[in-house]
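This is upload12.txt (compact mmCIF, N, CA and C atoms).
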```
# COMPACT_ATOMS: atom_id res chain seq x y z
N HIS L 1 19.51 -66.66 -66.22
CA HIS L 1 20.46 -65.69 -65.69
C HIS L 1 19.81 -64.84 -64.62
N ARG L 2 18.57 -64.36 -64.90
CA ARG L 2 17.86 -63.58 -63.90
C ARG L 2 17.56 -64.40 -62.66
N LEU L 3 17.26 -65.62 -62.86
CA LEU L 3 16.93 -66.49 -61.74
C LEU L 3 18.15 -66.68 -60.84
N ALA L 4 19.31 -66.82 -61.44
CA ALA L 4 20.53 -67.02 -60.67
C ALA L 4 20.85 -65.79 -59.83
N THR L 5 20.70 -64.59 -60.43
CA THR L 5 20.99 -63.37 -59.66
C THR L 5 19.97 -63.16 -58.58
N TRP L 6 18.73 -63.55 -58.84
CA TRP L 6 17.70 -63.40 -57.83
C TRP L 6 17.99 -64.30 -56.64
N LYS L 7 18.45 -65.49 -56.91
CA LYS L 7 18.78 -66.42 -55.84
C LYS L 7 19.93 -65.89 -54.99
N MET L 8 20.92 -65.26 -55.66
CA MET L 8 22.08 -64.77 -54.93
C MET L 8 21.68 -63.64 -53.99
N THR L 9 20.79 -62.78 -54.44
CA THR L 9 20.40 -61.65 -53.59
C THR L 9 19.44 -62.07 -52.49
N SER L 10 18.72 -63.17 -52.69
CA SER L 10 17.72 -63.56 -51.69
C SER L 10 18.29 -64.44 -50.58
N ILE L 11 19.57 -64.75 -50.63
CA ILE L 11 20.16 -65.58 -49.58
C ILE L 11 20.22 -64.75 -48.30
N PRO L 12 19.68 -65.27 -47.19
CA PRO L 12 19.71 -64.49 -45.95
C PRO L 12 21.14 -64.33 -45.44
N ARG L 13 21.42 -63.16 -44.93
CA ARG L 13 22.78 -62.83 -44.50
C ARG L 13 23.11 -63.35 -43.12
N GLY L 14 22.17 -63.37 -42.27
CA GLY L 14 22.45 -63.73 -40.88
C GLY L 14 22.81 -62.48 -40.11
N LYS L 15 22.94 -62.61 -38.81
CA LYS L 15 23.22 -61.45 -37.97
C LYS L 15 24.72 -61.20 -37.95
N PRO L 16 25.16 -59.94 -38.24
CA PRO L 16 26.59 -59.65 -38.21
C PRO L 16 27.14 -59.71 -36.79
N LYS L 17 28.45 -59.91 -36.69
CA LYS L 17 29.10 -60.05 -35.40
C LYS L 17 29.01 -58.75 -34.59
N SER L 18 29.07 -57.61 -35.32
CA SER L 18 29.05 -56.31 -34.63
C SER L 18 27.66 -55.99 -34.07
N GLY L 19 26.64 -56.65 -34.59
CA GLY L 19 25.30 -56.37 -34.12
C GLY L 19 24.62 -55.26 -34.91
N ARG L 20 25.29 -54.66 -35.84
CA ARG L 20 24.70 -53.57 -36.64
C ARG L 20 24.04 -54.17 -37.87
N VAL L 21 22.81 -54.51 -37.74
CA VAL L 21 22.10 -55.20 -38.81
C VAL L 21 21.74 -54.25 -39.94
N TRP L 22 21.72 -52.96 -39.68
CA TRP L 22 21.30 -51.98 -40.71
C TRP L 22 22.42 -51.67 -41.70
N ARG L 23 23.64 -52.07 -41.40
CA ARG L 23 24.76 -51.75 -42.29
C ARG L 23 24.87 -52.77 -43.41
N ASP L 24 25.31 -52.24 -44.61
CA ASP L 24 25.53 -53.13 -45.74
C ASP L 24 26.89 -53.79 -45.60
N PRO L 25 27.05 -54.99 -46.12
CA PRO L 25 28.38 -55.61 -46.06
C PRO L 25 29.35 -54.85 -46.99
N GLY L 26 30.57 -54.78 -46.58
CA GLY L 26 31.56 -54.06 -47.36
C GLY L 26 31.86 -54.73 -48.68
N GLU L 27 32.35 -53.95 -49.65
CA GLU L 27 32.68 -54.53 -50.95
C GLU L 27 33.96 -55.33 -50.86
N LYS L 28 34.06 -56.30 -51.72
CA LYS L 28 35.28 -57.09 -51.77
C LYS L 28 36.37 -56.29 -52.47
N SER L 29 37.60 -56.65 -52.21
CA SER L 29 38.72 -55.88 -52.74
C SER L 29 38.81 -55.96 -54.25
N PHE L 30 38.34 -57.06 -54.87
CA PHE L 30 38.44 -57.16 -56.32
C PHE L 30 37.44 -56.24 -57.03
N ASN L 31 36.43 -55.75 -56.29
CA ASN L 31 35.46 -54.84 -56.89
C ASN L 31 35.93 -53.38 -56.89
N THR L 32 36.91 -53.05 -56.09
CA THR L 32 37.36 -51.66 -56.00
C THR L 32 38.07 -51.26 -57.29
N VAL L 33 37.90 -50.02 -57.66
CA VAL L 33 38.49 -49.49 -58.89
C VAL L 33 39.88 -48.97 -58.58
N ALA L 34 40.81 -49.26 -59.44
CA ALA L 34 42.18 -48.78 -59.25
C ALA L 34 42.20 -47.26 -59.42
N VAL L 35 42.78 -46.55 -58.45
CA VAL L 35 42.82 -45.10 -58.46
C VAL L 35 44.08 -44.65 -59.19
N ARG L 36 43.92 -43.66 -60.04
CA ARG L 36 45.08 -43.11 -60.72
C ARG L 36 45.93 -42.36 -59.71
N SER L 37 47.18 -42.19 -60.03
CA SER L 37 48.05 -41.46 -59.11
C SER L 37 47.66 -39.99 -59.13
N LEU L 38 47.86 -39.34 -58.01
CA LEU L 38 47.47 -37.94 -57.88
C LEU L 38 48.40 -37.04 -58.69
N LYS L 39 49.62 -37.45 -58.89
CA LYS L 39 50.56 -36.64 -59.66
C LYS L 39 50.25 -36.75 -61.15
N PRO L 40 50.30 -35.63 -61.86
CA PRO L 40 50.16 -35.73 -63.31
C PRO L 40 51.43 -36.34 -63.93
N SER L 41 51.30 -36.81 -65.14
CA SER L 41 52.45 -37.44 -65.78
C SER L 41 53.52 -36.40 -66.08
N TRP L 42 54.71 -36.91 -66.38
CA TRP L 42 55.85 -36.02 -66.63
C TRP L 42 55.59 -35.11 -67.82
N LYS L 43 55.02 -35.64 -68.89
CA LYS L 43 54.73 -34.83 -70.08
C LYS L 43 53.74 -33.71 -69.74
N LYS L 44 52.70 -34.06 -68.98
CA LYS L 44 51.71 -33.05 -68.61
C LYS L 44 52.35 -31.96 -67.75
N ARG L 45 53.22 -32.38 -66.86
CA ARG L 45 53.90 -31.39 -66.01
C ARG L 45 54.75 -30.46 -66.85
N GLN L 46 55.45 -31.02 -67.84
CA GLN L 46 56.30 -30.20 -68.72
C GLN L 46 55.43 -29.22 -69.52
N VAL L 47 54.30 -29.70 -70.02
CA VAL L 47 53.40 -28.84 -70.80
C VAL L 47 52.87 -27.71 -69.91
N ASN L 48 52.44 -28.07 -68.70
CA ASN L 48 51.93 -27.06 -67.76
C ASN L 48 53.00 -26.04 -67.43
N ARG L 49 54.21 -26.52 -67.23
CA ARG L 49 55.32 -25.63 -66.90
C ARG L 49 55.59 -24.65 -68.05
N ALA L 50 55.57 -25.16 -69.29
CA ALA L 50 55.80 -24.32 -70.46
C ALA L 50 54.68 -23.28 -70.60
N GLU L 51 53.44 -23.70 -70.36
CA GLU L 51 52.31 -22.77 -70.46
C GLU L 51 52.42 -21.67 -69.40
N LYS L 52 52.79 -22.07 -68.19
CA LYS L 52 52.95 -21.08 -67.12
C LYS L 52 54.04 -20.08 -67.46
N LYS L 53 55.14 -20.58 -68.00
CA LYS L 53 56.27 -19.71 -68.35
C LYS L 53 55.86 -18.73 -69.45
N ALA L 54 55.14 -19.23 -70.46
CA ALA L 54 54.68 -18.36 -71.55
C ALA L 54 53.73 -17.29 -71.03
N LEU L 55 52.83 -17.69 -70.13
CA LEU L 55 51.88 -16.75 -69.55
C LEU L 55 52.60 -15.69 -68.73
N LYS L 56 53.59 -16.12 -67.96
CA LYS L 56 54.37 -15.19 -67.14
C LYS L 56 55.10 -14.17 -68.01
N ASN L 57 55.70 -14.67 -69.11
CA ASN L 57 56.40 -13.77 -70.03
C ASN L 57 55.43 -12.77 -70.65
N TYR L 58 54.25 -13.25 -71.02
CA TYR L 58 53.25 -12.38 -71.64
C TYR L 58 52.82 -11.28 -70.67
N VAL L 59 52.57 -11.66 -69.43
CA VAL L 59 52.15 -10.68 -68.41
C VAL L 59 53.27 -9.67 -68.17
N GLN L 60 54.51 -10.15 -68.14
CA GLN L 60 55.66 -9.27 -67.93
C GLN L 60 55.78 -8.28 -69.09
N ASP L 61 55.58 -8.76 -70.32
CA ASP L 61 55.64 -7.87 -71.48
C ASP L 61 54.56 -6.80 -71.40
N LEU L 62 53.36 -7.20 -71.00
CA LEU L 62 52.28 -6.22 -70.86
C LEU L 62 52.63 -5.16 -69.81
N LYS L 63 53.21 -5.60 -68.70
CA LYS L 63 53.57 -4.67 -67.63
C LYS L 63 54.64 -3.69 -68.10
N THR L 64 55.66 -4.21 -68.79
CA THR L 64 56.73 -3.32 -69.26
C THR L 64 56.20 -2.33 -70.29
N ALA L 65 55.31 -2.79 -71.17
CA ALA L 65 54.72 -1.88 -72.16
C ALA L 65 53.92 -0.77 -71.48
N ALA L 66 53.14 -1.14 -70.47
CA ALA L 66 52.35 -0.14 -69.74
C ALA L 66 53.26 0.85 -69.02
N GLN L 67 54.36 0.34 -68.44
CA GLN L 67 55.30 1.21 -67.73
C GLN L 67 55.98 2.17 -68.71
N GLU L 68 56.34 1.67 -69.90
CA GLU L 68 56.96 2.53 -70.90
C GLU L 68 56.01 3.64 -71.34
N GLN L 69 54.75 3.29 -71.55
CA GLN L 69 53.76 4.30 -71.92
C GLN L 69 53.63 5.36 -70.83
N LYS L 70 53.62 4.90 -69.58
CA LYS L 70 53.49 5.81 -68.45
C LYS L 70 54.68 6.76 -68.39
N ASP L 71 55.89 6.22 -68.57
CA ASP L 71 57.10 7.04 -68.55
C ASP L 71 57.09 8.05 -69.69
N GLU L 72 56.67 7.60 -70.88
CA GLU L 72 56.62 8.49 -72.05
C GLU L 72 55.63 9.63 -71.81
N LYS L 73 54.49 9.31 -71.23
CA LYS L 73 53.47 10.32 -70.94
C LYS L 73 54.01 11.34 -69.93
N LYS L 74 54.70 10.85 -68.92
CA LYS L 74 55.27 11.72 -67.88
C LYS L 74 56.32 12.65 -68.49
N LYS L 75 57.15 12.10 -69.37
CA LYS L 75 58.20 12.88 -70.02
C LYS L 75 57.59 13.99 -70.89
N ARG L 76 56.54 13.61 -71.66
CA ARG L 76 55.87 14.60 -72.51
C ARG L 76 55.27 15.72 -71.67
N ARG L 77 54.66 15.35 -70.55
CA ARG L 77 54.03 16.33 -69.66
C ARG L 77 55.07 17.31 -69.13
N GLU L 78 56.23 16.79 -68.71
CA GLU L 78 57.30 17.66 -68.20
C GLU L 78 57.79 18.61 -69.28
N GLU L 79 57.93 18.10 -70.51
CA GLU L 79 58.37 18.95 -71.62
C GLU L 79 57.35 20.06 -71.90
N GLN L 80 56.06 19.71 -71.83
CA GLN L 80 55.01 20.71 -72.05
C GLN L 80 55.08 21.82 -71.00
N ILE L 81 55.26 21.41 -69.75
CA ILE L 81 55.33 22.40 -68.67
C ILE L 81 56.53 23.31 -68.87
N LYS L 82 57.67 22.73 -69.23
CA LYS L 82 58.90 23.50 -69.45
C LYS L 82 58.71 24.49 -70.61
N ARG L 83 58.10 23.99 -71.71
CA ARG L 83 57.86 24.85 -72.87
C ARG L 83 56.92 26.00 -72.52
N ARG L 84 55.88 25.69 -71.73
CA ARG L 84 54.92 26.72 -71.33
C ARG L 84 55.59 27.82 -70.51
N GLU L 85 56.46 27.41 -69.58
CA GLU L 85 57.17 28.39 -68.75
C GLU L 85 58.08 29.28 -69.61
N GLU L 86 58.77 28.65 -70.56
CA GLU L 86 59.64 29.43 -71.46
C GLU L 86 58.83 30.44 -72.27
N ASN L 87 57.66 29.99 -72.77
CA ASN L 87 56.82 30.90 -73.56
C ASN L 87 56.29 32.05 -72.71
N GLU L 88 55.95 31.75 -71.46
CA GLU L 88 55.48 32.82 -70.57
C GLU L 88 56.57 33.85 -70.32
N LYS L 89 57.80 33.38 -70.15
CA LYS L 89 58.93 34.31 -69.94
C LYS L 89 59.16 35.17 -71.17
N LYS L 90 59.02 34.57 -72.37
CA LYS L 90 59.20 35.32 -73.61
C LYS L 90 58.12 36.38 -73.78
N ALA L 91 56.91 36.04 -73.39
CA ALA L 91 55.77 36.94 -73.59
C ALA L 91 55.71 38.09 -72.58
N GLU L 92 56.49 38.00 -71.52
CA GLU L 92 56.45 39.05 -70.50
C GLU L 92 56.96 40.37 -71.06
N ILE L 93 56.34 41.44 -70.59
CA ILE L 93 56.79 42.79 -70.94
C ILE L 93 57.48 43.35 -69.70
N LEU L 94 58.75 43.61 -69.84
CA LEU L 94 59.55 44.09 -68.70
C LEU L 94 59.84 45.58 -68.86
N GLN L 95 59.90 46.21 -67.71
CA GLN L 95 60.23 47.64 -67.69
C GLN L 95 61.34 47.82 -66.67
N LYS L 96 62.45 48.33 -67.15
CA LYS L 96 63.61 48.50 -66.28
C LYS L 96 63.44 49.76 -65.44
N ILE L 97 63.64 49.63 -64.13
CA ILE L 97 63.55 50.78 -63.22
C ILE L 97 64.97 51.18 -62.85
N THR L 98 65.35 52.37 -63.28
CA THR L 98 66.70 52.86 -62.97
C THR L 98 66.66 53.84 -61.80
N ASN L 99 65.55 54.52 -61.63
CA ASN L 99 65.42 55.52 -60.57
C ASN L 99 65.02 54.83 -59.27
N LYS L 100 65.90 54.84 -58.28
CA LYS L 100 65.63 54.19 -56.99
C LYS L 100 64.58 54.95 -56.18
N ALA L 101 64.46 56.23 -56.43
CA ALA L 101 63.47 57.04 -55.70
C ALA L 101 62.06 56.59 -56.06
N LYS L 102 61.90 56.12 -57.27
CA LYS L 102 60.59 55.63 -57.72
C LYS L 102 60.13 54.45 -56.86
N LEU L 103 61.07 53.58 -56.49
CA LEU L 103 60.76 52.43 -55.64
C LEU L 103 60.29 52.89 -54.26
N LYS L 104 60.91 53.96 -53.74
CA LYS L 104 60.54 54.44 -52.42
C LYS L 104 59.15 55.07 -52.43
N ARG L 105 58.74 55.66 -53.58
CA ARG L 105 57.43 56.29 -53.69
C ARG L 105 56.30 55.27 -53.87
N MET L 106 56.65 54.06 -54.36
CA MET L 106 55.63 53.05 -54.66
C MET L 106 54.95 52.54 -53.40
N LYS L 107 53.71 52.14 -53.57
CA LYS L 107 52.97 51.56 -52.45
C LYS L 107 53.38 50.09 -52.31
N LYS L 108 53.02 49.49 -51.19
CA LYS L 108 53.43 48.11 -50.91
C LYS L 108 52.83 47.13 -51.91
N LYS L 109 51.59 47.37 -52.36
CA LYS L 109 50.94 46.49 -53.33
C LYS L 109 51.71 46.50 -54.65
N GLN L 110 52.16 47.65 -55.06
CA GLN L 110 52.93 47.76 -56.30
C GLN L 110 54.29 47.08 -56.17
N LEU L 111 54.90 47.19 -54.99
CA LEU L 111 56.21 46.56 -54.77
C LEU L 111 56.12 45.04 -54.85
N GLY L 112 54.97 44.51 -54.48
CA GLY L 112 54.79 43.05 -54.53
C GLY L 112 54.82 42.51 -55.95
N SER L 113 54.45 43.35 -56.92
CA SER L 113 54.43 42.88 -58.30
C SER L 113 55.80 42.99 -58.98
N ILE L 114 56.72 43.63 -58.34
CA ILE L 114 58.07 43.81 -58.90
C ILE L 114 58.91 42.56 -58.67
N VAL L 115 59.61 42.15 -59.73
CA VAL L 115 60.50 40.98 -59.65
C VAL L 115 61.89 41.43 -59.97
N LYS L 116 62.83 41.05 -59.12
CA LYS L 116 64.22 41.43 -59.34
C LYS L 116 64.91 40.34 -60.14
N ARG L 117 65.60 40.74 -61.22
CA ARG L 117 66.31 39.77 -62.06
C ARG L 117 67.72 40.20 -62.32
```
Output the file's structure in the form of structure tokens.
Amino acid sequence: HRLATWKMTSIPRGKPKSGRVWRDPGEKSFNTVAVRSLKPSWKKRQVNRAEKKALKNYVQDLKTAAQEQKDEKKKRREEQIKRREENEKKAEILQKITNKAKLKRMKKKQLGSIVKR
């Protein structure tokens, strides 16, 4: 068997027509390997499509959950601010000024602190 293969490889090729003696002869067509199609099979495509859809839904759920948390936080913050303002109004000590002459005697700095309600 070895002898037969050795004989086959030792046969002189002769000079190619193109004159490029350094090039190897091309492979025969029966030696080429059949190439699979570039498209995946229908089942694989369906599986990939289902996985993509599930992933998309999962990402969407995460986004909506994050948005809900953000809205809830914003709402709580607004309520806190409103409650704080109400408490400040309750805690204020007001003094009613009935004498208008008192206003005329006051200095400008004192008038700035007066709030009309």
Backbone-only DSSP, helix (DSSP H, G or I) members of region 7-77 of chain L, as a PDB file with N, CA and C atoms, keeping the file's coordinate frame:
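Output file selection.pdb is given in full below:
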```
ATOM      1  N   LYS L   7      18.450 -65.490 -56.910  1.00  0.00           N
ATOM      2  CA  LYS L   7      18.780 -66.420 -55.840  1.00  0.00           C
ATOM      3  C   LYS L   7      19.930 -65.890 -54.990  1.00  0.00           C
ATOM      4  N   MET L   8      20.920 -65.260 -55.660  1.00  0.00           N
ATOM      5  CA  MET L   8      22.080 -64.770 -54.930  1.00  0.00           C
ATOM      6  C   MET L   8      21.680 -63.640 -53.990  1.00  0.00           C
ATOM      7  N   THR L   9      20.790 -62.780 -54.440  1.00  0.00           N
ATOM      8  CA  THR L   9      20.400 -61.650 -53.590  1.00  0.00           C
ATOM      9  C   THR L   9      19.440 -62.070 -52.490  1.00  0.00           C
ATOM     10  N   SER L  29      37.600 -56.650 -52.210  1.00  0.00           N
ATOM     11  CA  SER L  29      38.720 -55.880 -52.740  1.00  0.00           C
ATOM     12  C   SER L  29      38.810 -55.960 -54.250  1.00  0.00           C
ATOM     13  N   PHE L  30      38.340 -57.060 -54.870  1.00  0.00           N
ATOM     14  CA  PHE L  30      38.440 -57.160 -56.320  1.00  0.00           C
ATOM     15  C   PHE L  30      37.440 -56.240 -57.030  1.00  0.00           C
ATOM     16  N   ASN L  31      36.430 -55.750 -56.290  1.00  0.00           N
ATOM     17  CA  ASN L  31      35.460 -54.840 -56.890  1.00  0.00           C
ATOM     18  C   ASN L  31      35.930 -53.380 -56.890  1.00  0.00           C
ATOM     19  N   TRP L  42      54.710 -36.910 -66.380  1.00  0.00           N
ATOM     20  CA  TRP L  42      55.850 -36.020 -66.630  1.00  0.00           C
ATOM     21  C   TRP L  42      55.590 -35.110 -67.820  1.00  0.00           C
ATOM     22  N   LYS L  43      55.020 -35.640 -68.890  1.00  0.00           N
ATOM     23  CA  LYS L  43      54.730 -34.830 -70.080  1.00  0.00           C
ATOM     24  C   LYS L  43      53.740 -33.710 -69.740  1.00  0.00           C
ATOM     25  N   LYS L  44      52.700 -34.060 -68.980  1.00  0.00           N
ATOM     26  CA  LYS L  44      51.710 -33.050 -68.610  1.00  0.00           C
ATOM     27  C   LYS L  44      52.350 -31.960 -67.750  1.00  0.00           C
ATOM     28  N   ARG L  45      53.220 -32.380 -66.860  1.00  0.00           N
ATOM     29  CA  ARG L  45      53.900 -31.390 -66.010  1.00  0.00           C
ATOM     30  C   ARG L  45      54.750 -30.460 -66.850  1.00  0.00           C
ATOM     31  N   GLN L  46      55.450 -31.020 -67.840  1.00  0.00           N
ATOM     32  CA  GLN L  46      56.300 -30.200 -68.720  1.00  0.00           C
ATOM     33  C   GLN L  46      55.430 -29.220 -69.520  1.00  0.00           C
ATOM     34  N   VAL L  47      54.300 -29.700 -70.020  1.00  0.00           N
ATOM     35  CA  VAL L  47      53.400 -28.840 -70.800  1.00  0.00           C
ATOM     36  C   VAL L  47      52.870 -27.710 -69.910  1.00  0.00           C
ATOM     37  N   ASN L  48      52.440 -28.070 -68.700  1.00  0.00           N
ATOM     38  CA  ASN L  48      51.930 -27.060 -67.760  1.00  0.00           C
ATOM     39  C   ASN L  48      53.000 -26.040 -67.430  1.00  0.00           C
ATOM     40  N   ARG L  49      54.210 -26.520 -67.230  1.00  0.00           N
ATOM     41  CA  ARG L  49      55.320 -25.630 -66.900  1.00  0.00           C
ATOM     42  C   ARG L  49      55.590 -24.650 -68.050  1.00  0.00           C
ATOM     43  N   ALA L  50      55.570 -25.160 -69.290  1.00  0.00           N
ATOM     44  CA  ALA L  50      55.800 -24.320 -70.460  1.00  0.00           C
ATOM     45  C   ALA L  50      54.680 -23.280 -70.600  1.00  0.00           C
ATOM     46  N   GLU L  51      53.440 -23.700 -70.360  1.00  0.00           N
ATOM     47  CA  GLU L  51      52.310 -22.770 -70.460  1.00  0.00           C
ATOM     48  C   GLU L  51      52.420 -21.670 -69.400  1.00  0.00           C
ATOM     49  N   LYS L  52      52.790 -22.070 -68.190  1.00  0.00           N
ATOM     50  CA  LYS L  52      52.950 -21.080 -67.120  1.00  0.00           C
ATOM     51  C   LYS L  52      54.040 -20.080 -67.460  1.00  0.00           C
ATOM     52  N   LYS L  53      55.140 -20.580 -68.000  1.00  0.00           N
ATOM     53  CA  LYS L  53      56.270 -19.710 -68.350  1.00  0.00           C
ATOM     54  C   LYS L  53      55.860 -18.730 -69.450  1.00  0.00           C
ATOM     55  N   ALA L  54      55.140 -19.230 -70.460  1.00  0.00           N
ATOM     56  CA  ALA L  54      54.680 -18.360 -71.550  1.00  0.00           C
ATOM     57  C   ALA L  54      53.730 -17.290 -71.030  1.00  0.00           C
ATOM     58  N   LEU L  55      52.830 -17.690 -70.130  1.00  0.00           N
ATOM     59  CA  LEU L  55      51.880 -16.750 -69.550  1.00  0.00           C
ATOM     60  C   LEU L  55      52.600 -15.690 -68.730  1.00  0.00           C
ATOM     61  N   LYS L  56      53.590 -16.120 -67.960  1.00  0.00           N
ATOM     62  CA  LYS L  56      54.370 -15.190 -67.140  1.00  0.00           C
ATOM     63  C   LYS L  56      55.100 -14.170 -68.010  1.00  0.00           C
ATOM     64  N   ASN L  57      55.700 -14.670 -69.110  1.00  0.00           N
ATOM     65  CA  ASN L  57      56.400 -13.770 -70.030  1.00  0.00           C
ATOM     66  C   ASN L  57      55.430 -12.770 -70.650  1.00  0.00           C
ATOM     67  N   TYR L  58      54.250 -13.250 -71.020  1.00  0.00           N
ATOM     68  CA  TYR L  58      53.250 -12.380 -71.640  1.00  0.00           C
ATOM     69  C   TYR L  58      52.820 -11.280 -70.670  1.00  0.00           C
ATOM     70  N   VAL L  59      52.570 -11.660 -69.430  1.00  0.00           N
ATOM     71  CA  VAL L  59      52.150 -10.680 -68.410  1.00  0.00           C
ATOM     72  C   VAL L  59      53.270  -9.670 -68.170  1.00  0.00           C
ATOM     73  N   GLN L  60      54.510 -10.150 -68.140  1.00  0.00           N
ATOM     74  CA  GLN L  60      55.660  -9.270 -67.930  1.00  0.00           C
ATOM     75  C   GLN L  60      55.780  -8.280 -69.090  1.00  0.00           C
ATOM     76  N   ASP L  61      55.580  -8.760 -70.320  1.00  0.00           N
ATOM     77  CA  ASP L  61      55.640  -7.870 -71.480  1.00  0.00           C
ATOM     78  C   ASP L  61      54.560  -6.800 -71.400  1.00  0.00           C
ATOM     79  N   LEU L  62      53.360  -7.200 -71.000  1.00  0.00           N
ATOM     80  CA  LEU L  62      52.280  -6.220 -70.860  1.00  0.00           C
ATOM     81  C   LEU L  62      52.630  -5.160 -69.810  1.00  0.00           C
ATOM     82  N   LYS L  63      53.210  -5.600 -68.700  1.00  0.00           N
ATOM     83  CA  LYS L  63      53.570  -4.670 -67.630  1.00  0.00           C
ATOM     84  C   LYS L  63      54.640  -3.690 -68.100  1.00  0.00           C
ATOM     85  N   THR L  64      55.660  -4.210 -68.790  1.00  0.00           N
ATOM     86  CA  THR L  64      56.730  -3.320 -69.260  1.00  0.00           C
ATOM     87  C   THR L  64      56.200  -2.330 -70.290  1.00  0.00           C
ATOM     88  N   ALA L  65      55.310  -2.790 -71.170  1.00  0.00           N
ATOM     89  CA  ALA L  65      54.720  -1.880 -72.160  1.00  0.00           C
ATOM     90  C   ALA L  65      53.920  -0.770 -71.480  1.00  0.00           C
ATOM     91  N   ALA L  66      53.140  -1.140 -70.470  1.00  0.00           N
ATOM     92  CA  ALA L  66      52.350  -0.140 -69.740  1.00  0.00           C
ATOM     93  C   ALA L  66      53.260   0.850 -69.020  1.00  0.00           C
ATOM     94  N   GLN L  67      54.360   0.340 -68.440  1.00  0.00           N
ATOM     95  CA  GLN L  67      55.300   1.210 -67.730  1.00  0.00           C
ATOM     96  C   GLN L  67      55.980   2.170 -68.710  1.00  0.00           C
ATOM     97  N   GLU L  68      56.340   1.670 -69.900  1.00  0.00           N
ATOM     98  CA  GLU L  68      56.960   2.530 -70.900  1.00  0.00           C
ATOM     99  C   GLU L  68      56.010   3.640 -71.340  1.00  0.00           C
ATOM    100  N   GLN L  69      54.750   3.290 -71.550  1.00  0.00           N
ATOM    101  CA  GLN L  69      53.760   4.300 -71.920  1.00  0.00           C
ATOM    102  C   GLN L  69      53.630   5.360 -70.830  1.00  0.00           C
ATOM    103  N   LYS L  70      53.620   4.900 -69.580  1.00  0.00           N
ATOM    104  CA  LYS L  70      53.490   5.810 -68.450  1.00  0.00           C
ATOM    105  C   LYS L  70      54.680   6.760 -68.390  1.00  0.00           C
ATOM    106  N   ASP L  71      55.890   6.220 -68.570  1.00  0.00           N
ATOM    107  CA  ASP L  71      57.100   7.040 -68.550  1.00  0.00           C
ATOM    108  C   ASP L  71      57.090   8.050 -69.690  1.00  0.00           C
ATOM    109  N   GLU L  72      56.670   7.600 -70.880  1.00  0.00           N
ATOM    110  CA  GLU L  72      56.620   8.490 -72.050  1.00  0.00           C
ATOM    111  C   GLU L  72      55.630   9.630 -71.810  1.00  0.00           C
ATOM    112  N   LYS L  73      54.490   9.310 -71.230  1.00  0.00           N
ATOM    113  CA  LYS L  73      53.470  10.320 -70.940  1.00  0.00           C
ATOM    114  C   LYS L  73      54.010  11.340 -69.930  1.00  0.00           C
ATOM    115  N   LYS L  74      54.700  10.850 -68.920  1.00  0.00           N
ATOM    116  CA  LYS L  74      55.270  11.720 -67.880  1.00  0.00           C
ATOM    117  C   LYS L  74      56.320  12.650 -68.490  1.00  0.00           C
ATOM    118  N   LYS L  75      57.150  12.100 -69.370  1.00  0.00           N
ATOM    119  CA  LYS L  75      58.200  12.880 -70.020  1.00  0.00           C
ATOM    120  C   LYS L  75      57.590  13.990 -70.890  1.00  0.00           C
ATOM    121  N   ARG L  76      56.540  13.610 -71.660  1.00  0.00           N
ATOM    122  CA  ARG L  76      55.870  14.600 -72.510  1.00  0.00           C
ATOM    123  C   ARG L  76      55.270  15.720 -71.670  1.00  0.00           C
ATOM    124  N   ARG L  77      54.660  15.350 -70.550  1.00  0.00           N
ATOM    125  CA  ARG L  77      54.030  16.330 -69.660  1.00  0.00           C
ATOM    126  C   ARG L  77      55.070  17.310 -69.130  1.00  0.00           C
TER     127      ARG L  77
END
```
Rounded to one decimal place, report the CA of Lys109 (chain L)-atom N of Glu88 (chain L) distance in Å.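 Computing it gives 23.9 Å between the two atoms.
Atom C of Gln69 (chain L) lies 17.9 Å from atom N of Lys82 (chain L).
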Emit as lines of an AutoDock Vina configuration file the padded axis-aligned box for all listed atoms of region 84-96 of chain L, 5 Å per side, with centre and edge lengths in Å to one decimal.
```
center_x = 59.3
center_y = 37.7
center_z = -69.6
size_x = 18.7
size_y = 34.1
size_z = 18.3
```
Kindly give the distance, in Å, that separates atom N of Ile114 (chain L) and atom N of Thr98 (chain L), rounded to a single decimal.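 Computed distance, atom N of Ile114 (chain L) to atom N of Thr98 (chain L), equals 13.2 Å.
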